[in-house]
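Worksheet: the structure to be examined is printed underneath.
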Amino acid sequence: MLHESFKPGPEHAQMLDQLDPLRHFRERFYLQGDRIYLDGNSLGLASRDAEATLLAALEDWKRHGIEGWTAGDRPWFTLAEELGTLQASLVGALPDEVVVTGTTTVNLHTLAATFFHPEGQRTKILADALNFPSDLYALQSQLQLRGLNPADHLVLVESYDGRTINEDDLIAAMTDEIGLVLLPSVLYRSGQLLDMARLTAAAHARSIPIGFDCSHSAGAIPHKLHEWNVDFAFWCNYKYLNGGPGAVGSLFVHQHHFGRLPGLAGWFGYRKERQFAMLPTFEQAPTAGAWQISTPSVLAAAPLTGSLRIFQEAGLERIRAKSLHMTAYLIFLIQTRLSGAPYGFEIGTPLSDASRGGHVALEHPDAVRIGKALKSLGVIPDFRPPNVIRLAPVALYNTYEEIWRTVELLRHIIDQQLVEQHSDQPGTVS
């Protein structure tokens, strides 16, 4: 629930920072001078820990050459499984249910190819109309590969308000025609957090496999993927998990499905002890490692080792508690300082703690130009069409005073009509 004890002045923000038990982790990150970085839900900041493990991987390459696959502090041959073990507790999985491999959309393809088997009347995939487009593209292509028309076989549950998805509507759409459900844990625009446990139970009651894209929740929100019996999940590691641009992705497969043949097989999913026997028949690993396809990108995975060290020290429960408190504070300031004329901002994110992810969707008809004005004043948000400025105060490195300053700058932009100085055309990357 939103906190009623917040106050609007800078002194209150400074007091909250002094009381913050995670404030010392900020020193572990490369901050950007006086800039306020609120785009960690798109790309997390670099940490000194991530830099150190990346440099260590480079050093292993220099020292060992090909022997680095089995030599060094972190042999590359088992790096994907090692990182999966380190990540497992962040998503509530068993150590061998997570593997760090591939990329988000590639992992979705291999998992959908595994769990979607159209037969009889179950020939459709259920998703939501507000899902991240890349996921929808992948689902469309999976249908096309099976000779099915996405216009007929991709069922998209619509939103009543353009912001959120009603879970009752999702469950009602789980009919006898559905062969797979794929949903986001958190909607990328509004930040709505779905009840994954409830949706999984509903899908399984109808004998439908279900998976989740956890890209906007992994590293920000505790999950219990194993306990909830989620069939599969996948996520990127460059947002809240601060693994670096283009970081290797992650996937989860529940142990109930171990031994199942992956829909897209590759040599790194082979049983480790026999992988170099180079046999012509695929023999999958007895863990989530079976869903690896290709040789891991060691240098794209190495920073994650250091980043996960920070998460182990900070604890995801404490990170989530601070994240909720920071977004509640941001919402309070928006409601008290930016609502009504002449400001006209609206909050597109659910207000309840149970339904809110790690960012706040700030809506305004002039969102593109306001976002550009913010950047010119040293605040880094991002824009999502048609009218959303996403603000993501990250528990590990943002401060309450930065949140207060951002809201005051938004007032300043409107008061001084600074939007007039900027184009209303979105940038190529936003």
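By order in the structure tokens, chains are A, B, ...; within a chain, residues start at 1; ligands start at 1, following the order shown.
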List as CSV every residue of range 37-120 of chain A that is in contact with range 225-228 of chain A, defined as an atom at most 9 Å from one of its atoms (using only C-alpha atoms), together with the nearest atom pair and the distance in Å rounded to one decimal, sorted by chain and then rising number.
```
residue,atom,partner,partner_atom,distance
A:Val91,CA,A:Leu225,CA,6.2
A:Gly92,CA,A:Leu225,CA,5.3
A:Ala93,CA,A:His226,CA,5.0
A:Leu94,CA,A:His226,CA,6.9
A:Glu97,CA,A:His226,CA,8.4
```
File dump, residues just selected, all heavy atoms, as a tab-separated table (two decimals), in the first residue's frame:
```tsv
chain	number	residue	atom	x	y	z
A	91	VAL	N	14.89	-16.06	-8.39
A	91	VAL	CA	13.59	-16.34	-9.01
A	91	VAL	C	12.88	-17.51	-8.33
A	91	VAL	O	11.87	-18.00	-8.83
A	91	VAL	CB	13.75	-16.62	-10.53
A	91	VAL	CG1	14.20	-15.37	-11.25
A	91	VAL	CG2	14.70	-17.78	-10.78
A	92	GLY	N	13.40	-17.97	-7.21
A	92	GLY	CA	12.74	-19.04	-6.49
A	92	GLY	C	12.80	-20.36	-7.22
A	92	GLY	O	11.80	-21.08	-7.32
A	93	ALA	N	13.98	-20.71	-7.74
A	93	ALA	CA	14.15	-21.94	-8.50
A	93	ALA	C	15.16	-22.85	-7.82
A	93	ALA	O	15.95	-22.40	-6.98
A	93	ALA	CB	14.63	-21.62	-9.92
A	94	LEU	N	15.14	-24.12	-8.17
A	94	LEU	CA	16.20	-25.03	-7.74
A	94	LEU	C	17.46	-24.71	-8.53
A	94	LEU	O	17.39	-24.20	-9.66
A	94	LEU	CB	15.78	-26.47	-7.97
A	94	LEU	CG	14.53	-26.95	-7.23
A	94	LEU	CD1	14.27	-28.42	-7.54
A	94	LEU	CD2	14.65	-26.73	-5.73
A	97	GLU	N	17.57	-25.65	-12.20
A	97	GLU	CA	16.43	-25.26	-13.05
A	97	GLU	C	16.70	-24.00	-13.85
A	97	GLU	O	15.86	-23.60	-14.67
A	97	GLU	CB	15.18	-25.05	-12.19
A	97	GLU	CG	14.61	-26.34	-11.60
A	97	GLU	CD	13.38	-26.10	-10.75
A	97	GLU	OE1	13.31	-25.04	-10.07
A	97	GLU	OE2	12.47	-26.96	-10.74
```
Next on the checklist: Quick check for you: according to DSSP on this backbone, which residues of range 240-396 of chain A are classed as alpha helix (DSSP H)? Reply as a count of residues only.
Outcome noted: 49
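Going from CA of Ile36 in chain A to CA of Thr406 in chain A covers 7.8 Å.
When the distance limit is 6 Å and only C-alpha atoms are what count, the residues near range 193-203 of chain A, minus those fewer than 5 positions from it on the same chain, are Ser185, Val186, Ile208, Trp228, Ser355, Arg356 and Gly357 of chain A.
CA of Leu79 in chain A is positioned 10.6 Å from CA of Thr295 in chain A.
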Among the residues of range 141-315 of chain A, find those DSSP assigns to strand (DSSP E) from the backbone and print them as a PDB file with N, CA and C atoms, in the first residue's frame.
```pdb
ATOM      1  N   LEU A 154      -3.220 -16.850 -32.703  1.00  0.00           N
ATOM      2  CA  LEU A 154      -2.627 -16.100 -31.598  1.00  0.00           C
ATOM      3  C   LEU A 154      -3.735 -15.294 -30.944  1.00  0.00           C
ATOM      4  N   VAL A 155      -4.125 -15.712 -29.754  1.00  0.00           N
ATOM      5  CA  VAL A 155      -5.221 -15.067 -29.032  1.00  0.00           C
ATOM      6  C   VAL A 155      -4.627 -14.008 -28.105  1.00  0.00           C
ATOM      7  N   LEU A 156      -4.999 -12.756 -28.327  1.00  0.00           N
ATOM      8  CA  LEU A 156      -4.477 -11.657 -27.521  1.00  0.00           C
ATOM      9  C   LEU A 156      -5.590 -11.075 -26.655  1.00  0.00           C
ATOM     10  N   VAL A 157      -5.428 -11.166 -25.356  1.00  0.00           N
ATOM     11  CA  VAL A 157      -6.404 -10.585 -24.437  1.00  0.00           C
ATOM     12  C   VAL A 157      -6.212  -9.079 -24.417  1.00  0.00           C
ATOM     13  N   ILE A 178      -6.622 -23.570 -26.403  1.00  0.00           N
ATOM     14  CA  ILE A 178      -5.308 -23.008 -26.091  1.00  0.00           C
ATOM     15  C   ILE A 178      -4.306 -24.126 -25.810  1.00  0.00           C
ATOM     16  N   GLY A 179      -3.178 -24.083 -26.523  1.00  0.00           N
ATOM     17  CA  GLY A 179      -2.122 -25.077 -26.319  1.00  0.00           C
ATOM     18  C   GLY A 179      -0.935 -24.539 -25.563  1.00  0.00           C
ATOM     19  N   LEU A 180      -0.865 -23.220 -25.365  1.00  0.00           N
ATOM     20  CA  LEU A 180       0.247 -22.589 -24.641  1.00  0.00           C
ATOM     21  C   LEU A 180      -0.176 -21.202 -24.197  1.00  0.00           C
ATOM     22  N   VAL A 181       0.254 -20.828 -22.974  1.00  0.00           N
ATOM     23  CA  VAL A 181       0.055 -19.463 -22.475  1.00  0.00           C
ATOM     24  C   VAL A 181       1.423 -18.834 -22.266  1.00  0.00           C
ATOM     25  N   LEU A 182       1.616 -17.617 -22.780  1.00  0.00           N
ATOM     26  CA  LEU A 182       2.864 -16.883 -22.582  1.00  0.00           C
ATOM     27  C   LEU A 182       2.507 -15.468 -22.162  1.00  0.00           C
ATOM     28  N   LEU A 183       2.954 -15.076 -20.970  1.00  0.00           N
ATOM     29  CA  LEU A 183       2.614 -13.769 -20.412  1.00  0.00           C
ATOM     30  C   LEU A 183       3.856 -13.103 -19.825  1.00  0.00           C
ATOM     31  N   PRO A 184       3.830 -11.789 -19.697  1.00  0.00           N
ATOM     32  CA  PRO A 184       4.905 -11.115 -18.973  1.00  0.00           C
ATOM     33  C   PRO A 184       4.645 -11.170 -17.474  1.00  0.00           C
ATOM     34  N   ILE A 210       2.286 -23.113 -19.229  1.00  0.00           N
ATOM     35  CA  ILE A 210       2.354 -21.657 -19.143  1.00  0.00           C
ATOM     36  C   ILE A 210       3.788 -21.219 -18.864  1.00  0.00           C
ATOM     37  N   GLY A 211       4.191 -20.138 -19.518  1.00  0.00           N
ATOM     38  CA  GLY A 211       5.513 -19.568 -19.300  1.00  0.00           C
ATOM     39  C   GLY A 211       5.425 -18.065 -19.134  1.00  0.00           C
ATOM     40  N   PHE A 212       6.483 -17.475 -18.578  1.00  0.00           N
ATOM     41  CA  PHE A 212       6.497 -16.045 -18.302  1.00  0.00           C
ATOM     42  C   PHE A 212       7.795 -15.412 -18.784  1.00  0.00           C
ATOM     43  N   ASP A 213       7.660 -14.214 -19.351  1.00  0.00           N
ATOM     44  CA  ASP A 213       8.806 -13.359 -19.645  1.00  0.00           C
ATOM     45  C   ASP A 213       9.033 -12.497 -18.410  1.00  0.00           C
ATOM     46  N   PHE A 232       7.893 -22.792 -17.515  1.00  0.00           N
ATOM     47  CA  PHE A 232       9.150 -22.222 -17.991  1.00  0.00           C
ATOM     48  C   PHE A 232       9.103 -20.704 -17.846  1.00  0.00           C
ATOM     49  N   ALA A 233      10.266 -20.103 -17.859  1.00  0.00           N
ATOM     50  CA  ALA A 233      10.385 -18.646 -17.821  1.00  0.00           C
ATOM     51  C   ALA A 233      11.711 -18.267 -18.466  1.00  0.00           C
ATOM     52  N   PHE A 234      11.828 -17.010 -18.821  1.00  0.00           N
ATOM     53  CA  PHE A 234      13.065 -16.512 -19.414  1.00  0.00           C
ATOM     54  C   PHE A 234      13.158 -15.021 -19.111  1.00  0.00           C
ATOM     55  N   TRP A 235      14.359 -14.474 -19.183  1.00  0.00           N
ATOM     56  CA  TRP A 235      14.544 -13.052 -18.898  1.00  0.00           C
ATOM     57  C   TRP A 235      15.895 -12.588 -19.407  1.00  0.00           C
ATOM     58  N   SER A 250      18.770 -15.570 -19.618  1.00  0.00           N
ATOM     59  CA  SER A 250      18.581 -16.701 -18.703  1.00  0.00           C
ATOM     60  C   SER A 250      17.255 -17.390 -19.012  1.00  0.00           C
ATOM     61  N   LEU A 251      17.190 -18.664 -18.665  1.00  0.00           N
ATOM     62  CA  LEU A 251      15.928 -19.383 -18.770  1.00  0.00           C
ATOM     63  C   LEU A 251      15.762 -20.326 -17.585  1.00  0.00           C
ATOM     64  N   PHE A 252      14.508 -20.604 -17.300  1.00  0.00           N
ATOM     65  CA  PHE A 252      14.105 -21.524 -16.227  1.00  0.00           C
ATOM     66  C   PHE A 252      13.214 -22.598 -16.834  1.00  0.00           C
ATOM     67  N   VAL A 253      13.476 -23.836 -16.480  1.00  0.00           N
ATOM     68  CA  VAL A 253      12.587 -24.946 -16.821  1.00  0.00           C
ATOM     69  C   VAL A 253      12.341 -25.740 -15.541  1.00  0.00           C
TER      70      VAL A 253
END
```
Please report, as JSON lines, each residue of range 293-393 of chain A lying at most 12 Å from range 60-73 of chain A, together with the nearest pair of atoms and the separation in Å rounded to one decimal; use only C-alpha atoms, and order rows by chain and ascending residue number.
```
{"residue": "A:Thr295", "atom": "CA", "partner": "A:Trp69", "partner_atom": "CA", "distance": 10.9}
{"residue": "A:Pro296", "atom": "CA", "partner": "A:Trp69", "partner_atom": "CA", "distance": 10.9}
{"residue": "A:Ser297", "atom": "CA", "partner": "A:Trp69", "partner_atom": "CA", "distance": 12.0}
{"residue": "A:Val298", "atom": "CA", "partner": "A:Trp69", "partner_atom": "CA", "distance": 9.8}
{"residue": "A:Leu299", "atom": "CA", "partner": "A:Trp61", "partner_atom": "CA", "distance": 9.7}
{"residue": "A:Ala302", "atom": "CA", "partner": "A:Asp60", "partner_atom": "CA", "distance": 11.2}
{"residue": "A:Thr305", "atom": "CA", "partner": "A:Asp73", "partner_atom": "CA", "distance": 11.7}
```
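Comparing A:Leu22, A:Ala247, A:Ala13, A:Leu261 by their smallest distance to Thr287 in chain A, the closest is A:Leu261 (using only C-alpha atoms).
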Checklist entry - If we count only C-alpha atoms, what is near range 132-146 of chain A at a cut-off of 8 Å, once residues fewer than 2 positions away on the same chain are taken out, given as a ChimeraX atom specification? => result /A:105,108-109,112-113,125,127,130,148-150,153-154,187-188
Output C-alpha atoms for every residue in the selection just made, as a short mmCIF file (atom, residue, chain, number, x, y, z; two decimals), in the first residue's frame.
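Below is the file result.cif, written as the result:
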```
data_model
loop_
_atom_site.label_atom_id
_atom_site.label_comp_id
_atom_site.auth_asym_id
_atom_site.auth_seq_id
_atom_site.Cartn_x
_atom_site.Cartn_y
_atom_site.Cartn_z
CA THR A 105 13.93 -13.92 -27.76
CA LEU A 108 11.56 -17.80 -25.94
CA HIS A 109 11.84 -19.56 -29.30
CA ALA A 112 7.92 -22.25 -27.17
CA ALA A 113 9.22 -24.89 -29.58
CA ILE A 125 -1.34 -19.59 -28.17
CA ALA A 127 -0.88 -13.90 -24.84
CA LEU A 130 0.13 -5.21 -24.16
CA LEU A 148 -0.88 -21.91 -38.58
CA ASN A 149 -2.12 -18.39 -39.30
CA PRO A 150 -1.30 -16.05 -36.38
CA HIS A 153 -4.24 -18.86 -33.70
CA LEU A 154 -2.63 -16.10 -31.60
CA LEU A 187 3.88 -5.26 -18.28
CA TYR A 188 6.66 -3.23 -19.82
#
```
Sorted per-residue table, range 270-339 of chain A near range 42-57 of chain A, closest atoms and distance, 6 Å, only C-alpha atoms, as CSV:
```
residue,atom,partner,partner_atom,distance
A:Ala302,CA,A:Leu54,CA,4.9
A:Pro303,CA,A:Ala50,CA,4.1
A:Gly306,CA,A:Ala50,CA,4.2
A:Ser307,CA,A:Ala50,CA,5.2
```
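Rounded to one decimal, CA of Ala285 in chain A and CA of Tyr270 in chain A lie 5.1 Å from each other.
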Next on the checklist: Calculated over only C-alpha atoms, which of the candidates A:Glu401, A:Glu177, A:Val230, A:Ser89 has the smallest distance to Thr123 in chain A?
Outcome noted: A:Glu177
